[in-house]
$ cat run.cif   # mmCIF, C-alpha atoms
data_run
#
loop_
_atom_site.label_atom_id
_atom_site.label_comp_id
_atom_site.auth_asym_id
_atom_site.auth_seq_id
_atom_site.Cartn_x
_atom_site.Cartn_y
_atom_site.Cartn_z
CA MET A 17 120.76 189.96 83.41
CA ASN A 18 121.04 192.47 86.22
CA THR A 19 123.61 190.89 88.54
CA SER A 20 122.44 192.93 91.54
CA LYS A 21 118.94 191.53 91.33
CA LEU A 22 117.48 190.90 94.78
CA GLY A 23 114.00 189.83 93.76
CA GLY A 24 110.99 191.93 92.79
CA LYS A 25 110.11 194.98 94.88
CA SER A 26 106.87 196.91 94.73
CA ILE A 27 106.20 200.62 95.13
CA ILE A 28 103.07 202.75 94.78
CA ALA A 29 103.51 206.18 93.17
CA ARG A 30 100.71 208.72 93.56
CA ILE A 31 100.94 210.90 90.47
CA GLU A 32 99.11 214.11 89.60
CA MET A 33 98.96 214.84 85.87
CA ASN A 34 97.92 218.00 84.04
CA ILE A 35 96.11 216.33 81.14
CA ASP A 36 96.53 219.43 78.99
CA GLU A 37 100.31 218.94 79.09
CA VAL A 38 100.87 215.19 79.30
CA ASN A 39 99.01 211.93 78.75
CA PHE A 40 99.23 208.81 80.83
CA GLY A 41 100.86 206.85 78.02
CA GLN A 42 103.88 209.13 78.23
CA VAL A 43 104.12 208.51 81.97
CA THR A 44 103.91 204.73 81.62
CA ALA A 45 106.54 204.78 78.88
CA ALA A 46 108.89 206.78 81.09
CA ILE A 47 108.39 204.33 83.98
CA PHE A 48 109.06 201.34 81.74
CA GLU A 49 112.20 202.90 80.28
CA ALA A 50 113.47 203.57 83.81
CA GLY A 51 113.17 199.88 84.72
CA GLY A 52 109.68 199.67 86.20
CA ASP A 53 106.81 197.32 85.40
CA ILE A 54 103.31 198.71 86.02
CA VAL A 55 101.05 196.07 87.55
CA ALA A 56 98.07 198.18 88.70
CA ILE A 57 96.52 201.62 88.17
CA ASP A 58 93.91 203.21 90.45
CA VAL A 59 92.19 206.51 89.68
CA ILE A 60 92.01 208.52 92.92
CA GLN A 61 90.61 211.83 91.68
CA THR A 62 89.90 213.40 88.32
CA SER A 63 88.72 216.75 86.95
CA LYS A 64 88.62 218.55 83.63
CA HIS A 65 92.31 219.45 83.68
CA LYS A 66 93.91 217.15 86.27
CA THR A 67 93.89 213.53 87.29
CA ILE A 68 95.47 211.78 90.28
CA ARG A 69 96.34 208.10 90.01
CA ASP A 70 98.05 205.50 92.17
CA VAL A 71 100.43 203.47 90.04
CA THR A 72 101.75 200.19 91.47
CA ILE A 73 105.17 199.46 90.04
CA THR A 74 107.47 196.48 90.46
CA VAL A 75 111.21 196.91 90.11
CA ILE A 76 114.15 194.52 90.05
CA ASP A 77 116.64 196.63 91.99
CA THR A 78 116.38 199.29 94.68
CA VAL A 79 118.40 201.61 92.43
CA ASP A 80 115.55 201.50 89.90
CA ILE A 81 113.25 203.18 92.43
CA GLU A 82 115.50 206.23 92.50
CA ILE A 83 115.71 206.31 88.70
CA ILE A 84 111.93 206.04 88.30
CA THR A 85 111.37 208.76 90.89
CA GLU A 86 113.68 211.17 89.07
CA ARG A 87 112.12 210.41 85.69
CA ILE A 88 108.60 211.11 86.98
CA ARG A 89 109.64 214.33 88.71
CA SER A 90 111.40 215.61 85.57
CA MET A 91 108.33 215.22 83.34
CA PRO A 92 106.47 218.47 82.47
CA GLY A 93 102.89 218.46 83.72
CA VAL A 94 103.52 215.68 86.24
CA ARG A 95 103.83 215.89 90.04
CA LEU A 96 104.88 212.98 92.22
CA LEU A 97 102.66 213.51 95.26
CA HIS A 98 103.75 210.49 97.27
CA LEU A 99 105.84 207.36 96.98
CA SER A 100 104.97 204.32 99.10
CA ASP A 101 107.58 201.59 99.35
CA ARG A 102 105.67 198.46 100.38
CA THR A 103 108.71 197.10 102.19
CA PHE A 104 108.87 200.21 104.39
CA LEU A 105 105.10 200.12 104.92
CA LEU A 106 105.41 196.55 106.20
CA HIS A 107 107.89 197.72 108.82
CA LEU A 108 105.88 200.67 110.15
CA GLY A 109 105.55 200.29 113.90
CA GLY A 110 107.58 197.08 113.79
CA LYS A 111 106.58 193.63 112.54
CA ILE A 112 105.74 191.81 115.77
CA GLU A 113 103.63 192.34 118.88
CA THR A 114 102.70 190.51 122.08
CA LYS A 115 99.25 189.11 122.73
CA LEU A 116 97.53 187.64 125.77
CA LYS A 117 96.94 183.90 125.82
CA THR A 118 94.15 184.46 128.36
CA PRO A 119 92.24 187.78 128.43
CA ILE A 120 91.76 189.53 131.77
CA GLN A 121 88.00 190.03 131.94
CA ASN A 122 87.22 190.58 135.60
CA ARG A 123 88.70 191.10 139.06
CA ASP A 124 88.99 187.36 139.66
CA ASP A 125 91.12 186.96 136.52
CA LEU A 126 93.28 189.88 137.65
CA SER A 127 93.90 188.32 141.05
CA ARG A 128 94.95 185.01 139.49
CA VAL A 129 97.34 186.39 136.85
CA TYR A 130 98.82 189.08 139.07
CA THR A 131 98.13 189.75 142.70
CA PRO A 132 97.56 188.10 145.11
CA ASP A 133 97.30 184.57 143.64
CA VAL A 134 100.42 184.84 141.46
CA ALA A 135 102.46 184.68 144.66
CA ARG A 136 101.62 180.98 144.97
CA VAL A 137 103.14 180.35 141.55
CA CYS A 138 106.24 182.37 142.41
CA MET A 139 106.79 180.33 145.56
CA ALA A 140 106.30 177.06 143.69
CA ILE A 141 109.08 178.04 141.32
CA ARG A 142 111.30 179.17 144.20
CA ASP A 143 110.88 175.78 145.87
CA GLU A 144 111.34 173.83 142.62
CA PRO A 145 113.20 175.96 140.03
CA ARG A 146 112.59 173.57 137.12
CA LYS A 147 108.90 174.50 137.30
CA VAL A 148 109.83 177.76 135.58
CA PHE A 149 109.66 175.80 132.31
CA SER A 150 106.06 174.74 132.86
CA LEU A 151 104.72 177.81 134.67
CA THR A 152 106.22 180.67 132.61
CA MET A 153 106.90 181.60 129.01
CA LYS A 154 110.43 180.20 129.32
CA ARG A 155 109.30 176.83 127.96
CA ASN A 156 108.65 178.28 124.49
CA THR A 157 110.63 181.50 124.26
CA VAL A 158 113.94 182.34 122.59
CA ALA A 159 115.96 185.56 122.76
CA VAL A 160 117.19 186.71 119.33
CA ILE A 161 120.27 188.76 120.23
CA SER A 162 122.61 190.89 118.13
CA ASP A 163 125.06 193.72 118.61
CA GLY A 164 124.60 194.91 115.02
CA SER A 165 128.24 194.32 114.13
CA ALA A 166 127.79 192.02 111.10
CA VAL A 167 124.26 192.47 109.77
CA LEU A 168 123.52 190.65 106.50
CA GLY A 169 126.00 191.98 103.95
CA LEU A 170 125.73 195.48 105.43
CA GLY A 171 128.50 195.18 107.99
CA ASN A 172 128.69 197.00 111.33
CA ILE A 173 125.52 199.10 111.20
CA GLY A 174 124.82 199.13 114.94
CA PRO A 175 121.98 197.93 117.19
CA HIS A 176 119.21 200.28 116.03
CA ALA A 177 119.66 199.42 112.35
CA ALA A 178 119.84 195.72 113.20
CA MET A 179 116.36 195.68 114.75
CA PRO A 180 114.38 195.05 111.52
CA VAL A 181 116.41 191.89 110.91
CA MET A 182 115.94 190.62 114.46
CA GLU A 183 112.20 191.32 114.26
CA GLY A 184 112.10 189.36 111.02
CA LYS A 185 113.88 186.48 112.72
CA SER A 186 111.24 186.48 115.45
CA MET A 187 108.52 186.38 112.80
CA LEU A 188 110.11 183.30 111.25
CA PHE A 189 110.40 181.53 114.60
CA LYS A 190 106.66 182.00 115.17
CA GLN A 191 105.51 181.36 111.61
CA PHE A 192 107.42 178.16 111.01
CA ALA A 193 107.75 176.55 114.45
CA ASP A 194 105.35 178.38 116.81
CA VAL A 195 108.32 179.48 118.92
CA ASP A 196 107.89 182.81 120.70
CA SER A 197 110.90 185.10 120.63
CA PHE A 198 112.06 188.61 121.45
CA PRO A 199 114.46 190.68 119.32
CA ILE A 200 117.14 192.19 121.55
CA CYS A 201 119.79 194.50 120.11
CA LEU A 202 122.61 195.39 122.48
CA ASP A 203 124.27 198.80 122.49
CA THR A 204 127.71 197.36 123.14
CA GLN A 205 130.23 195.41 121.10
CA ASP A 206 132.38 194.50 124.07
CA THR A 207 132.74 190.74 124.33
CA GLU A 208 132.63 190.58 128.12
CA GLY A 209 129.75 193.05 128.23
CA ILE A 210 127.66 191.00 125.79
CA ILE A 211 128.33 187.78 127.71
CA SER A 212 127.40 189.43 131.00
CA ILE A 213 124.15 190.91 129.67
CA ILE A 214 122.99 187.65 128.08
CA LYS A 215 123.74 185.69 131.24
CA ALA A 216 121.76 188.24 133.24
CA ILE A 217 118.63 187.98 131.07
CA ALA A 218 118.83 184.22 130.44
CA PRO A 219 116.38 183.22 133.22
CA ALA A 220 113.48 184.47 131.09
CA PHE A 221 114.35 182.37 128.05
CA GLY A 222 114.47 178.74 127.01
CA GLY A 223 117.17 179.38 124.40
CA ILE A 224 119.51 182.04 123.01
CA ASN A 225 119.80 182.65 119.26
CA LEU A 226 122.88 184.79 118.56
CA GLU A 227 122.69 186.72 115.31
CA ASP A 228 124.89 188.99 113.20
CA ILE A 229 127.82 189.25 115.62
CA SER A 230 131.15 189.76 113.90
CA SER A 231 133.99 187.27 113.79
CA PRO A 232 136.10 186.37 115.70
CA ARG A 233 134.20 187.73 118.75
CA CYS A 234 131.21 185.54 117.92
CA PHE A 235 133.23 182.37 118.61
CA GLU A 236 134.20 183.34 122.16
CA ILE A 237 130.75 184.73 122.96
CA GLU A 238 129.02 181.54 121.90
CA GLN A 239 131.56 179.23 123.52
CA ARG A 240 131.47 181.02 126.85
CA LEU A 241 127.68 181.17 126.92
CA ARG A 242 127.40 177.48 126.04
CA GLU A 243 129.70 176.68 128.95
CA GLU A 244 128.07 179.01 131.46
CA LEU A 245 124.35 178.66 130.68
CA ASP A 246 122.06 175.65 131.06
CA ILE A 247 119.93 176.47 127.97
CA PRO A 248 120.74 176.08 124.26
CA VAL A 249 122.92 178.80 122.73
CA PHE A 250 123.05 178.81 118.94
CA HIS A 251 124.87 181.27 116.67
CA ASP A 252 122.72 180.96 113.57
CA ASP A 253 125.16 182.63 111.18
CA GLN A 254 127.55 179.80 111.95
CA HIS A 255 125.52 176.71 112.62
CA GLY A 256 122.30 177.44 110.77
CA THR A 257 124.32 177.98 107.61
CA ALA A 258 126.33 174.82 108.27
CA VAL A 259 123.29 172.62 108.83
CA VAL A 260 121.47 173.74 105.69
CA LEU A 261 124.65 173.55 103.61
CA TYR A 262 125.27 169.97 104.69
CA ALA A 263 121.63 169.08 103.99
CA ALA A 264 122.04 170.44 100.47
CA LEU A 265 125.33 168.58 100.04
CA ILE A 266 123.75 165.27 101.07
CA ASN A 267 121.32 165.47 98.19
CA ALA A 268 123.78 167.02 95.75
CA LEU A 269 126.13 164.07 96.24
CA LYS A 270 123.30 161.68 95.44
CA VAL A 271 122.62 163.60 92.23
CA VAL A 272 126.24 163.49 91.04
CA GLY A 273 127.00 160.01 92.41
CA LYS A 274 129.88 160.87 94.77
CA SER A 275 130.58 159.94 98.40
CA VAL A 276 131.59 162.13 101.32
CA GLU A 277 134.79 160.25 102.07
CA ASP A 278 136.26 160.79 98.59
CA LEU A 279 135.63 164.51 98.25
CA LYS A 280 138.02 167.37 97.79
CA VAL A 281 136.16 170.42 99.16
CA VAL A 282 137.28 174.03 98.82
CA VAL A 283 135.77 176.54 101.27
CA CYS A 284 136.26 180.18 100.28
CA GLY A 285 135.74 182.68 103.10
CA ILE A 286 136.98 181.48 106.47
CA GLY A 287 134.86 183.50 108.85
CA ALA A 288 132.15 182.37 111.25
CA ALA A 289 130.03 180.56 108.66
CA GLY A 290 132.99 179.10 106.76
CA THR A 291 134.46 177.66 109.94
CA ALA A 292 131.15 176.16 111.09
CA CYS A 293 130.51 174.66 107.65
CA THR A 294 133.95 173.07 107.75
CA LYS A 295 133.40 171.63 111.23
CA ILE A 296 130.12 169.96 110.25
CA LEU A 297 131.70 168.54 107.09
CA LEU A 298 134.59 167.13 109.13
CA SER A 299 132.07 165.58 111.52
CA ALA A 300 130.24 164.10 108.53
CA GLY A 301 133.39 162.37 107.29
CA VAL A 302 134.92 164.70 104.71
CA LYS A 303 138.69 164.19 104.86
CA ASN A 304 140.11 166.73 102.42
CA ILE A 305 138.95 170.31 103.00
CA ILE A 306 140.97 173.30 101.85
CA GLY A 307 140.21 176.76 103.20
CA VAL A 308 140.91 179.92 101.22
CA ASP A 309 140.75 183.48 102.47
CA ARG A 310 142.53 186.77 101.83
CA ALA A 311 145.83 185.11 102.72
CA GLY A 312 145.24 182.47 100.03
CA VAL A 313 145.11 178.77 100.89
CA LEU A 314 145.38 178.22 104.64
CA THR A 315 148.07 175.70 105.45
CA ALA A 316 149.77 174.37 108.56
CA ASP A 317 153.08 175.40 107.01
CA GLU A 318 152.20 179.03 107.81
CA THR A 319 151.47 180.96 111.03
CA TYR A 320 148.47 183.32 111.15
CA ASP A 321 147.62 186.22 113.47
CA ASN A 322 143.93 185.30 113.17
CA PRO A 323 143.38 182.54 115.78
CA MET A 324 140.53 181.02 113.77
CA TRP A 325 142.69 180.81 110.66
CA GLN A 326 145.40 179.17 112.79
CA TRP A 327 142.93 176.58 114.07
CA TYR A 328 141.62 176.04 110.56
CA ALA A 329 145.07 175.47 109.08
CA GLN A 330 145.85 172.88 111.75
CA HIS A 331 142.67 170.88 111.17
CA THR A 332 142.30 170.94 107.37
CA ASN A 333 144.35 170.75 104.16
CA PRO A 334 145.98 167.36 104.90
CA ASN A 335 148.16 167.55 101.78
CA ARG A 336 149.35 171.04 102.71
CA GLU A 337 148.46 172.64 99.42
CA SER A 338 149.25 176.31 99.01
CA GLY A 339 148.59 179.15 96.59
CA THR A 340 145.50 180.89 95.28
CA LEU A 341 141.83 180.02 95.02
CA GLN A 342 142.34 179.25 91.33
CA LYS A 343 144.97 176.66 92.21
CA ALA A 344 142.99 175.21 95.10
CA VAL A 345 139.85 174.48 93.04
CA GLN A 346 141.74 172.44 90.46
CA GLY A 347 140.38 168.90 90.73
CA ALA A 348 137.99 169.84 93.54
CA ASP A 349 134.63 168.09 93.77
CA VAL A 350 132.89 170.82 95.80
CA PHE A 351 133.26 174.60 96.00
CA ILE A 352 131.63 176.35 98.96
CA GLY A 353 131.60 180.12 98.68
CA LEU A 354 131.00 182.34 101.71
CA SER A 355 133.05 185.26 100.52
CA ALA A 356 132.39 187.86 97.81
CA GLY A 357 130.58 188.14 94.50
CA GLY A 358 132.26 187.34 91.23
CA ILE A 359 135.50 185.85 92.51
CA LEU A 360 134.98 182.42 90.90
CA LYS A 361 135.32 182.29 87.11
CA ARG A 362 134.02 179.85 84.53
CA GLU A 363 137.54 178.60 83.82
CA ASP A 364 137.94 177.86 87.56
CA VAL A 365 134.86 175.65 87.52
CA GLN A 366 136.12 173.98 84.33
CA SER A 367 139.29 173.00 86.22
CA MET A 368 137.29 171.18 88.90
CA SER A 369 136.49 167.48 88.77
CA GLU A 370 133.78 165.99 86.60
CA ARG A 371 130.23 167.08 87.56
CA PRO A 372 131.39 169.52 90.24
CA ILE A 373 129.15 170.85 93.00
CA VAL A 374 129.22 174.64 93.36
CA PHE A 375 127.58 176.34 96.34
CA ALA A 376 128.04 180.06 95.62
CA MET A 377 126.44 181.53 98.73
CA ALA A 378 127.65 185.14 98.86
CA ASN A 379 124.79 187.67 98.92
CA PRO A 380 123.52 189.59 97.12
CA GLU A 381 125.93 188.59 94.34
CA PRO A 382 127.15 184.97 94.33
CA GLU A 383 130.77 184.04 93.74
CA ILE A 384 129.60 183.01 90.28
CA LEU A 385 126.17 183.33 88.68
CA PRO A 386 124.44 180.02 87.88
CA GLU A 387 123.86 180.92 84.23
CA GLU A 388 127.62 181.25 83.72
CA VAL A 389 128.28 177.58 84.53
CA GLU A 390 124.91 175.84 84.23
CA ASP A 391 126.22 173.68 81.39
CA ILE A 392 129.35 172.41 83.19
CA VAL A 393 128.30 171.87 86.82
CA GLY A 394 126.64 168.84 88.32
CA VAL A 395 124.72 170.95 90.84
CA ILE A 396 124.80 174.64 91.70
CA ALA A 397 123.17 176.38 94.66
CA THR A 398 123.17 179.96 95.95
CA GLY A 399 121.88 181.93 98.92
CA ARG A 400 119.33 183.74 96.75
CA SER A 401 115.64 183.11 96.31
CA ASP A 402 115.58 183.94 92.59
CA TYR A 403 117.54 180.81 91.64
CA PRO A 404 116.84 177.13 92.34
CA ASN A 405 118.47 175.49 95.37
CA GLN A 406 118.48 178.36 97.85
CA ILE A 407 120.60 177.59 100.93
CA ASN A 408 118.67 179.51 103.57
CA ASN A 409 119.13 179.39 107.35
CA VAL A 410 115.37 179.53 107.87
CA LEU A 411 115.30 175.84 107.03
CA CYS A 412 117.23 175.15 110.23
CA PHE A 413 116.79 177.48 113.18
CA PRO A 414 113.00 177.24 113.74
CA GLY A 415 113.00 173.45 113.76
CA ILE A 416 116.19 172.96 115.74
CA PHE A 417 114.95 175.27 118.50
CA ARG A 418 111.50 173.69 118.38
CA GLY A 419 113.07 170.32 119.08
CA ALA A 420 115.45 171.67 121.72
CA LEU A 421 112.66 173.44 123.60
CA ASP A 422 110.34 170.44 123.44
CA CYS A 423 112.92 168.14 125.03
CA ARG A 424 114.32 170.87 127.29
CA ALA A 425 117.81 170.36 125.92
CA SER A 426 120.64 172.22 127.62
CA GLU A 427 122.62 172.56 124.40
CA ILE A 428 122.52 172.08 120.64
CA ASN A 429 125.45 169.78 119.95
CA GLU A 430 127.13 168.49 116.79
CA GLU A 431 125.03 165.31 116.74
CA MET A 432 121.84 167.37 116.79
CA LYS A 433 123.12 169.52 113.91
CA LEU A 434 123.98 166.48 111.81
CA ALA A 435 120.58 164.97 112.56
CA ALA A 436 118.88 168.23 111.58
CA ALA A 437 120.74 168.26 108.27
CA GLU A 438 119.72 164.68 107.56
CA ALA A 439 116.10 165.54 108.38
CA ILE A 440 116.08 168.55 106.05
CA ALA A 441 117.65 166.52 103.25
CA SER A 442 115.13 163.70 103.68
CA VAL A 443 112.22 166.02 102.90
CA VAL A 444 113.32 165.89 99.25
CA THR A 445 112.26 162.43 98.13
CA GLU A 446 114.19 160.25 95.70
CA SER A 447 111.59 160.82 92.99
CA GLU A 448 111.79 164.60 93.46
CA ARG A 449 115.56 164.94 93.75
CA SER A 450 117.35 166.51 90.79
CA ARG A 451 120.16 168.95 90.04
CA HIS A 452 117.60 171.74 90.33
CA TYR A 453 115.96 170.48 93.53
CA ILE A 454 118.28 169.39 96.33
CA ILE A 455 116.83 171.43 99.20
CA PRO A 456 113.18 171.94 100.23
CA SER A 457 111.34 175.23 100.41
CA ALA A 458 111.25 177.06 103.72
CA PHE A 459 107.45 176.85 103.45
CA ASN A 460 107.47 173.04 103.34
CA GLN A 461 105.75 172.06 106.59
CA GLN A 462 107.65 168.78 106.77
CA VAL A 463 110.91 170.58 107.51
CA VAL A 464 110.21 171.66 111.11
CA SER A 465 108.39 168.46 111.99
CA GLY A 466 111.23 166.38 110.56
CA ILE A 467 113.88 168.20 112.59
CA ARG A 468 111.77 168.18 115.74
CA ASP A 469 111.07 164.47 115.57
#
$ encode --input "run.cif" --output "structure tokens"
Amino acid sequence: MNTSKLGGKSIIARIEMNIDEVNFGQVTAAIFEAGGDIVAIDVIQTSKHKTIRDVTITVIDTVDIEIITERIRSMPGVRLLHLSDRTFLLHLGGKIETKLKTPIQNRDDLSRVYTPDVARVCMAIRDEPRKVFSLTMKRNTVAVISDGSAVLGLGNIGPHAAMPVMEGKSMLFKQFADVDSFPICLDTQDTEGIISIIKAIAPAFGGINLEDISSPRCFEIEQRLREELDIPVFHDDQHGTAVVLYAALINALKVVGKSVEDLKVVVCGIGAAGTACTKILLSAGVKNIIGVDRAGVLTADETYDNPMWQWYAQHTNPNRESGTLQKAVQGADVFIGLSAGGILKREDVQSMSERPIVFAMANPEPEILPEEVEDIVGVIATGRSDYPNQINNVLCFPGIFRGALDCRASEINEEMKLAAAEAIASVVTESERSRHYIIPSAFNQQVVSGIRD
């Protein structure tokens, strides 16, 4: 199996062939050998000596596109006229737009939406500021804000390159929960600057969704904004991950017949998501959590320069274990991976307790591939869509903001996160629940309604 598989991708290659030099069977064979699967062929133009065809090809990995392109270009009698990547085509001109709720059709409409009648609405809000929620877009609008410093698994790629992700986030808000949102990428990575900008634009929004901001700055930014704003502030990389992880754990524990209070949990990767996942598990009643990062097992017996690691060591690992990941997972009931691909081995999982739960959530390559341990785990989940049990933030953030906006909440607190996790877990019924189905699909319409209610 190709361990870098990210799911099928589709490209369209426009190919001109000199039929005196090459036949189409040779072209298709070359594409197949290079890793492509032809799913459609359209004849665009043909003559006595030449033919032009559009060939739709699916590939497993982005690298395969480059290989296929080179193979086609190297064939005698063949010209690659154009290559259309359907992912890039989807992004042309951006993926979202604004639309009017009420068209302006005449001068009377213009006077009511703008001048002079809009002045009456402005004064109503001035006299009673809370009316901004009922008389403007604020009641249903979230700002999706990033500085581009920790985008997906790509790292610090900057605000321009982060925009496609933030646009995608806005699409998901609208698609799944009918929440309007704006992608905003800031050209600064200064903590105070980011806080100041967000506070300045907050009057237009009913909530702030922080996204892809690197640790440890993300902790201070979120904490300060939560303290200084009167609308919900939610760092999805932390709390969205934590909520969905706990939802998955609720059902996984039912599958393997274990209780929260008795668990030994190992969390590998103590960054923003790892810390938030730990906090929600502590709130849920887990007593024995061990964190592992580059320094090994975090323990209160040591002092760390990283303030988050220092906090973590003081609030976890009650037995003050030390050593490596391999030592930490011995006898563990649950492994939660938020680190790097391939760092957990089959023998590590074999050293865990009976019917262990493994959440290998690193992307694109999990800490361990499901097929390597399928026969010895109780339940395994990943962050990928090409395996069962995908732990995906989209199960959380649309619904939790939908509920917060509807009740005009001023914050999203720990109780709301726990309730959201319980709601997500409850979508999977007892008759449906199994080791291969512990978390619902993002397209399940019960998810948002369950969280909202």
$ closest_atom_pairs --input "run.cif" --of "segment 108-173 of chain A" --to "segment 214-222 of chain A" --cutoff "12 Å" --atoms "all atoms listed in the file" --output "Markdown table"
| residue | atom | partner | partner_atom | distance |
| --- | --- | --- | --- | --- |
| A:Pro145 | CA | A:Pro219 | CA | 10.4 |
| A:Arg146 | CA | A:Pro219 | CA | 11.1 |
| A:Val148 | CA | A:Pro219 | CA | 8.8 |
| A:Phe149 | CA | A:Gly222 | CA | 7.7 |
| A:Ser150 | CA | A:Gly222 | CA | 11.0 |
| A:Leu151 | CA | A:Ala220 | CA | 11.6 |
| A:Thr152 | CA | A:Ala220 | CA | 8.3 |
| A:Met153 | CA | A:Ala220 | CA | 7.5 |
| A:Lys154 | CA | A:Phe221 | CA | 4.7 |
| A:Arg155 | CA | A:Gly222 | CA | 5.6 |
| A:Asn156 | CA | A:Gly222 | CA | 6.4 |
| A:Thr157 | CA | A:Phe221 | CA | 5.4 |
| A:Val158 | CA | A:Phe221 | CA | 5.5 |
| A:Ala159 | CA | A:Phe221 | CA | 6.4 |
| A:Val160 | CA | A:Phe221 | CA | 10.1 |
| A:Ile161 | CA | A:Ile214 | CA | 8.4 |
| A:Ser162 | CA | A:Ile214 | CA | 10.5 |
| A:Asp163 | CA | A:Ile214 | CA | 11.4 |
$ atom_distance --input "run.cif" --atom1 "atom CA of Arg449 of chain A" --atom2 "atom CA of Asn409 of chain A"
20.2 Å
$ residues_around --input "run.cif" --residues "Thr44 of chain A" --least-positions-apart "2" --cutoff "12 Å" --atoms "only C-alpha atoms" --output "list in words"
Ala29, Ile31, Val38, Asn39, Phe40, Gly41, Gln42, Ala46, Ile47, Phe48, Glu49, Ala50, Gly51, Gly52, Asp53, Ile54, Val55, Ala56, Ile57, Arg69, Val71, Thr72, Ile73, Ile84, Arg87, Ile88, Met91 and Val94 of chain A
$ resolve_selection --input "run.cif" --expression "the PyMOL selection byres ((chain A and resi 442) around 12)" --output "ChimeraX atom specification"
/A:262-267,270,435-441,443-449,454-456,462-467
$ axis_aligned_box --input "run.cif" --around "segment 38-42 of chain A" --padding-each-side "8 Å" --output "lines of an AutoDock Vina configuration file"
center_x = 101.4
center_y = 211.0
center_z = 79.4
size_x = 20.9
size_y = 24.3
size_z = 18.8
$ atom_distance --input "run.cif" --atom1 "atom CA of Gly307 of chain A" --atom2 "atom CA of Gly171 of chain A"
22.3 Å
$ resolve_selection --input "run.cif" --expression "the PyMOL selection byres ((chain A and resi 383-391) around 7)" --output "JSON, numbers by chain"
{"A": [353, 356, 357, 358, 359, 360, 361, 362, 376, 378, 381, 382, 392, 393, 396]}
$ closest_residue --input "run.cif" --among "A:Ala329, A:Ala193, A:Val350, A:Ile306" --to "Val410 of chain A" --atoms "all atoms listed in the file"
A:Ala193
$ resolve_selection --input "run.cif" --expression "the PyMOL selection byres ((chain A and resi 295) around 12)" --output "PDB file with C-alpha atoms, in the frame of the given file"
ATOM      1  CA  GLN A 254     127.550 179.800 111.950  1.00  0.00           C
ATOM      2  CA  HIS A 255     125.520 176.710 112.620  1.00  0.00           C
ATOM      3  CA  THR A 257     124.320 177.980 107.610  1.00  0.00           C
ATOM      4  CA  ALA A 258     126.330 174.820 108.270  1.00  0.00           C
ATOM      5  CA  VAL A 259     123.290 172.620 108.830  1.00  0.00           C
ATOM      6  CA  LEU A 261     124.650 173.550 103.610  1.00  0.00           C
ATOM      7  CA  TYR A 262     125.270 169.970 104.690  1.00  0.00           C
ATOM      8  CA  VAL A 283     135.770 176.540 101.270  1.00  0.00           C
ATOM      9  CA  ILE A 286     136.980 181.480 106.470  1.00  0.00           C
ATOM     10  CA  ALA A 288     132.150 182.370 111.250  1.00  0.00           C
ATOM     11  CA  ALA A 289     130.030 180.560 108.660  1.00  0.00           C
ATOM     12  CA  GLY A 290     132.990 179.100 106.760  1.00  0.00           C
ATOM     13  CA  THR A 291     134.460 177.660 109.940  1.00  0.00           C
ATOM     14  CA  ALA A 292     131.150 176.160 111.090  1.00  0.00           C
ATOM     15  CA  CYS A 293     130.510 174.660 107.650  1.00  0.00           C
ATOM     16  CA  THR A 294     133.950 173.070 107.750  1.00  0.00           C
ATOM     17  CA  ILE A 296     130.120 169.960 110.250  1.00  0.00           C
ATOM     18  CA  LEU A 297     131.700 168.540 107.090  1.00  0.00           C
ATOM     19  CA  LEU A 298     134.590 167.130 109.130  1.00  0.00           C
ATOM     20  CA  SER A 299     132.070 165.580 111.520  1.00  0.00           C
ATOM     21  CA  ALA A 300     130.240 164.100 108.530  1.00  0.00           C
ATOM     22  CA  GLY A 301     133.390 162.370 107.290  1.00  0.00           C
ATOM     23  CA  VAL A 302     134.920 164.700 104.710  1.00  0.00           C
ATOM     24  CA  LYS A 303     138.690 164.190 104.860  1.00  0.00           C
ATOM     25  CA  ILE A 305     138.950 170.310 103.000  1.00  0.00           C
ATOM     26  CA  GLY A 307     140.210 176.760 103.200  1.00  0.00           C
ATOM     27  CA  TRP A 327     142.930 176.580 114.070  1.00  0.00           C
ATOM     28  CA  TYR A 328     141.620 176.040 110.560  1.00  0.00           C
ATOM     29  CA  HIS A 331     142.670 170.880 111.170  1.00  0.00           C
ATOM     30  CA  THR A 332     142.300 170.940 107.370  1.00  0.00           C
ATOM     31  CA  ASN A 429     125.450 169.780 119.950  1.00  0.00           C
ATOM     32  CA  GLU A 430     127.130 168.490 116.790  1.00  0.00           C
ATOM     33  CA  GLU A 431     125.030 165.310 116.740  1.00  0.00           C
ATOM     34  CA  LYS A 433     123.120 169.520 113.910  1.00  0.00           C
ATOM     35  CA  LEU A 434     123.980 166.480 111.810  1.00  0.00           C
TER      36      LEU A 434
END
$ atom_distance --input "run.cif" --atom1 "atom CA of Asp246 of chain A" --atom2 "atom CA of Ala140 of chain A"
20.2 Å
$ residues_around --input "run.cif" --residues "Pro232 of chain A" --least-positions-apart "6" --cutoff "9 Å" --atoms "all atoms listed in the file" --output "VMD selection string"
chain A and resid 287 to 288 322 to 324
$ closest_residue --input "run.cif" --among "A:Phe104, A:Tyr130, A:Phe459, A:Tyr453" --to "Asn405 of chain A" --atoms "only C-alpha atoms"
A:Tyr453
$ residues_around --input "run.cif" --residues "Ile27 of chain A" --least-positions-apart "4" --cutoff "9 Å" --atoms "all atoms listed in the file" --output "number ranges by chain"
A: 71-75, 81, 99-103
